[in-house]
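The structure under discussion appears below in the form of structure tokens.
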Amino acid sequence: MNRFSHPSRARERFLEALLQSAIEYAIIAVDLDGLVTTWNEGARRILGWDETEIIGRPVAAIFTEEDREAGVPQQEMTAALAQGHGDDERWHVRKDSSLFWASGQMMALRSDDGELEGFLKILRDCTEQRENEERQRVLMHELSHRIKNTLAVVQAITNQSFRSASSIEEAEQAISARINAYANAHDILLQKNWRSAAMETIVEATAINLAVEPNRVRASGPSVNLTPQAALAFSLVLHELVTNATKYGALSVDTGFVEIEWSVRRNAGDDRFTLLWEERGGPVVETPIKKGFGSRLVKSSLAAFGDVFLDYAATGFTIRLDASLEKLQAQSYSGSNHGEG
């Protein structure tokens, strides 16, 4: 008799060591009344209760109140008896009342002669995995939304460029230039993880991309971070304005230049953003008889954020936007000034 007791105790110690070493899993045994009888180290780490605190308490304590009221612990036991296991993919409760997402199973525990003695519940904390999957789902949804918006803009640019162009070559050049401006704005936004783009960065990038000589586009204003939507709109608008000024306006002659000024005006409950584009030193301006796609794009894009005023004064074309800062701004406004660019 004694010669068999030593291997039996060794086996028990081996199983106990195995149970306690599985620290990534909460392994919990419960009796037929649903009271905890075994609580491993993994359960302590994941759920927070020490073994002395939880032994003898209902295993329902680790379920949410909603699941307890719905009878989920009993349903898992019933499934374990009927199907061999009760699958578990749900929120659970830690000792400190915080929630975590767990994946696991409940299985029936039987004696050597097949008599039901209780249940074994095994859980693994999958909160991080679930959060990653949720972030991935949100990102995919956002990516799909951006792609649809981008395709819509590209389609509008293509259709309208062909309608307003006098030749296929002119249309191709206009389409290429506008899509390039749109792509550059995307690059700027990607540098900030698609959260925002600074107004001064959009202005500087437009001047550089269109190879405007230094000091011919003079920009000044406080640091204002634009939402992605506003940044993309302003990039297209400034591209059209600079392109038009280069072809017909102040930038078409050596003496001309453009001033771009923006400011923020504090009003209780409705801070205002003002953008002013002024062309100076160029040829005499005449009010156009027919407005092309470029001018329509400028006005419609800016009108989405506020009131737009165009002035075809003989001394130089001027456009002014008066907008709600809230519609434009991605983050907090900073009062530092930026010099000419």
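Each chain of the structure tokens is named A, B, ... in the order shown, its residues numbered from 1; ligands are numbered from 1 in display order.
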
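Neighbouring residues of Gly282 in chain A at 12 Å or closer, counting only C-alpha atoms and skipping chain neighbours under 4 positions away, are Arg216, Ala245, Thr246, Lys247, Tyr248, Gly249, Ala250, Leu251, Ser252, Val253, Asp254, Thr255, Gly256, Phe257, Val258, Glu278, Glu286, Ala313, Ala314, Thr315, Gly316 and Phe317 of chain A.
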
Would you return as a PyMOL selection string the members of range 103-306 of chain A that DSSP assigns to alpha helix (DSSP H) on this structure's backbone? chain A and resi 127-164+168-191+199-209+228-247+293-303

Using only C-alpha atoms, find each residue of range 176-199 of chain A with at least one atom at most 9 Å away from an atom of range 134-158 of chain A; report its shortest atom-to-atom pair and that distance in Å (one decimal), sort the rows by chain and rising residue number, and return the result as CSV.
```
residue,atom,partner,partner_atom,distance
A:Arg178,CA,A:Ile157,CA,7.3
A:Ile179,CA,A:Val154,CA,6.8
A:Tyr182,CA,A:Val154,CA,8.8
```

Could the residues in this selection be written to a file with N, CA and C atoms, as a compact mmCIF listing (two decimals), in the first residue's frame?
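File result35.txt, as written:
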```txt
# COMPACT_ATOMS: atom_id res chain seq x y z
N ARG A 178 -3.93 69.27 -60.32
CA ARG A 178 -4.88 69.29 -59.20
C ARG A 178 -4.78 68.03 -58.35
N ILE A 179 -4.64 66.88 -59.00
CA ILE A 179 -4.51 65.64 -58.24
C ILE A 179 -3.19 65.64 -57.47
N TYR A 182 -3.67 67.63 -54.39
CA TYR A 182 -4.47 66.84 -53.45
C TYR A 182 -3.61 65.77 -52.78
```

Mind checking which residues fall within 7 Å of range 105-114 of chain A, counting only C-alpha atoms, ignoring those fewer than 4 positions away in the same chain, and posting them as a PyMOL selection string? chain A and resi 76-77+80-81+84-88+118-123

Write the selection just made, keeping C-alpha atoms, as a PDB file, in the first residue's frame?
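Dumped everything to result38.pdb:
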```
ATOM      1  CA  GLU A  76     -22.488  27.631 -19.224  1.00  0.00           C
ATOM      2  CA  MET A  77     -22.830  24.757 -16.756  1.00  0.00           C
ATOM      3  CA  ALA A  80     -20.944  21.859 -20.321  1.00  0.00           C
ATOM      4  CA  LEU A  81     -23.214  18.972 -19.317  1.00  0.00           C
ATOM      5  CA  GLY A  84     -19.162  18.719 -23.154  1.00  0.00           C
ATOM      6  CA  HIS A  85     -18.162  22.378 -22.899  1.00  0.00           C
ATOM      7  CA  GLY A  86     -19.680  25.825 -22.521  1.00  0.00           C
ATOM      8  CA  ASP A  87     -17.887  28.410 -24.656  1.00  0.00           C
ATOM      9  CA  ASP A  88     -17.168  31.772 -23.125  1.00  0.00           C
ATOM     10  CA  GLY A 118     -18.306  20.051 -10.332  1.00  0.00           C
ATOM     11  CA  PHE A 119     -17.054  22.209 -13.175  1.00  0.00           C
ATOM     12  CA  LEU A 120     -13.744  23.541 -14.452  1.00  0.00           C
ATOM     13  CA  LYS A 121     -13.645  27.028 -15.938  1.00  0.00           C
ATOM     14  CA  ILE A 122     -10.612  28.189 -17.938  1.00  0.00           C
ATOM     15  CA  LEU A 123     -10.251  31.826 -19.007  1.00  0.00           C
TER      16      LEU A 123
END
```

Shell around range 43-49 of chain A at 7 Å using only C-alpha atoms, local window under 5 positions removed, as a PDB file with N, CA, C and O atoms, in the first residue's frame:
```pdb
ATOM      1  N   TYR A  25      -3.452  31.733 -17.885  1.00  0.00           N
ATOM      2  CA  TYR A  25      -4.829  31.243 -17.867  1.00  0.00           C
ATOM      3  C   TYR A  25      -5.372  31.259 -16.443  1.00  0.00           C
ATOM      4  O   TYR A  25      -4.673  30.884 -15.488  1.00  0.00           O
ATOM      5  N   ALA A  26      -6.607  31.699 -16.300  1.00  0.00           N
ATOM      6  CA  ALA A  26      -7.313  31.563 -15.034  1.00  0.00           C
ATOM      7  C   ALA A  26      -7.985  30.195 -15.047  1.00  0.00           C
ATOM      8  O   ALA A  26      -8.857  29.943 -15.879  1.00  0.00           O
ATOM      9  N   ILE A  27      -7.568  29.320 -14.140  1.00  0.00           N
ATOM     10  CA  ILE A  27      -8.130  27.977 -14.052  1.00  0.00           C
ATOM     11  C   ILE A  27      -8.873  27.878 -12.732  1.00  0.00           C
ATOM     12  O   ILE A  27      -8.277  27.989 -11.650  1.00  0.00           O
ATOM     13  N   ILE A  54     -11.365  34.138  -2.386  1.00  0.00           N
ATOM     14  CA  ILE A  54     -12.387  33.705  -3.343  1.00  0.00           C
ATOM     15  C   ILE A  54     -12.874  32.284  -3.114  1.00  0.00           C
ATOM     16  O   ILE A  54     -13.988  31.933  -3.513  1.00  0.00           O
ATOM     17  N   ARG A  94     -13.103  42.034 -12.697  1.00  0.00           N
ATOM     18  CA  ARG A  94     -11.992  41.834 -11.757  1.00  0.00           C
ATOM     19  C   ARG A  94     -12.403  42.263 -10.347  1.00  0.00           C
ATOM     20  O   ARG A  94     -13.454  42.866 -10.144  1.00  0.00           O
ATOM     21  N   LYS A  95     -11.529  41.993  -9.415  1.00  0.00           N
ATOM     22  CA  LYS A  95     -11.783  42.363  -8.029  1.00  0.00           C
ATOM     23  C   LYS A  95     -12.018  43.860  -7.880  1.00  0.00           C
ATOM     24  O   LYS A  95     -12.856  44.295  -7.084  1.00  0.00           O
ATOM     25  N   ASP A 125      -7.301  36.238 -20.662  1.00  0.00           N
ATOM     26  CA  ASP A 125      -7.561  37.666 -20.879  1.00  0.00           C
ATOM     27  C   ASP A 125      -7.215  38.019 -22.322  1.00  0.00           C
ATOM     28  O   ASP A 125      -6.060  37.974 -22.729  1.00  0.00           O
TER      29      ASP A 125
END
```

Can you tell me, as a PyMOL selection string, which residues in range 261-331 of chain A count as strand (DSSP E or B) by DSSP? chain A and resi 261-265+272-280+306-313+316-324+329

How would the residues just chosen look if you wrote them out with C-alpha atoms as a PDB file, in the first residue's frame?
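Writing the result to selection.pdb gives the following:
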```pdb
ATOM      1  CA  GLU A 261      -2.869  86.667 -44.217  1.00  0.00           C
ATOM      2  CA  TRP A 262      -4.963  84.821 -41.686  1.00  0.00           C
ATOM      3  CA  SER A 263      -6.036  85.776 -38.195  1.00  0.00           C
ATOM      4  CA  VAL A 264      -8.154  84.539 -35.305  1.00  0.00           C
ATOM      5  CA  ARG A 265     -10.743  86.741 -33.648  1.00  0.00           C
ATOM      6  CA  ARG A 272     -13.698  83.431 -35.964  1.00  0.00           C
ATOM      7  CA  PHE A 273     -11.005  82.659 -38.520  1.00  0.00           C
ATOM      8  CA  THR A 274     -10.318  85.149 -41.315  1.00  0.00           C
ATOM      9  CA  LEU A 275      -8.238  84.368 -44.403  1.00  0.00           C
ATOM     10  CA  LEU A 276      -7.280  87.110 -46.859  1.00  0.00           C
ATOM     11  CA  TRP A 277      -5.733  86.571 -50.302  1.00  0.00           C
ATOM     12  CA  GLU A 278      -4.534  89.761 -52.007  1.00  0.00           C
ATOM     13  CA  GLU A 279      -2.777  90.076 -55.353  1.00  0.00           C
ATOM     14  CA  ARG A 280      -0.619  93.169 -55.855  1.00  0.00           C
ATOM     15  CA  GLY A 306     -17.903  80.201 -43.817  1.00  0.00           C
ATOM     16  CA  ASP A 307     -18.693  83.337 -45.805  1.00  0.00           C
ATOM     17  CA  VAL A 308     -16.626  84.026 -48.936  1.00  0.00           C
ATOM     18  CA  PHE A 309     -16.135  87.468 -50.505  1.00  0.00           C
ATOM     19  CA  LEU A 310     -14.524  87.987 -53.935  1.00  0.00           C
ATOM     20  CA  ASP A 311     -13.350  91.358 -55.202  1.00  0.00           C
ATOM     21  CA  TYR A 312     -12.115  91.862 -58.783  1.00  0.00           C
ATOM     22  CA  ALA A 313     -10.643  95.307 -58.129  1.00  0.00           C
ATOM     23  CA  GLY A 316      -5.601  93.142 -57.840  1.00  0.00           C
ATOM     24  CA  PHE A 317      -7.887  90.216 -57.170  1.00  0.00           C
ATOM     25  CA  THR A 318      -8.879  89.732 -53.517  1.00  0.00           C
ATOM     26  CA  ILE A 319     -10.684  86.926 -51.739  1.00  0.00           C
ATOM     27  CA  ARG A 320     -11.651  86.812 -48.082  1.00  0.00           C
ATOM     28  CA  LEU A 321     -13.014  84.012 -45.937  1.00  0.00           C
ATOM     29  CA  ASP A 322     -14.751  84.589 -42.620  1.00  0.00           C
ATOM     30  CA  ALA A 323     -15.279  81.218 -40.933  1.00  0.00           C
ATOM     31  CA  SER A 324     -16.040  79.621 -37.610  1.00  0.00           C
ATOM     32  CA  GLN A 329      -9.511  73.699 -36.232  1.00  0.00           C
TER      33      GLN A 329
END
```

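Closest approach to Val30 in chain A among A:Gln74, A:Glu117, A:Ala211, A:Ala61: A:Glu117, based on only C-alpha atoms.
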
My list of candidates is A:Ala171, A:Thr127, A:Leu116, A:Phe305. Which is closest to His92 in chain A when distances are computed with only C-alpha atoms? A:Thr127

For the atom pair CA of Asn209 in chain A and CA of Thr287 in chain A, what is the interatomic distance in Å to one decimal place? 27.8 Å

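With distances restricted to only C-alpha atoms, A:Arg57 is the closest residue to Thr37 in chain A from A:Arg90, A:Arg266, A:Arg130, A:Arg57.
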
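When CA of Gly34 in chain A is paired with CA of Ala70 in chain A, their separation reads 15.7 Å.
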
Tell me which of A:Asn225, A:Thr78, A:Asn267, A:Ser235 sits closest to Arg195 in chain A, counting only C-alpha atoms. A:Asn225

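Of the residues listed (A:Leu238, A:Ile208, A:Val93, A:Ile260), A:Ile260 shows the shortest atom-to-atom separation from Gly221 in chain A; distances use only C-alpha atoms.
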
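Using only C-alpha atoms, the smallest distance between any of A:Thr38, A:Ser98, A:Ser223, A:Thr201 and Thr52 in chain A comes from A:Thr38.
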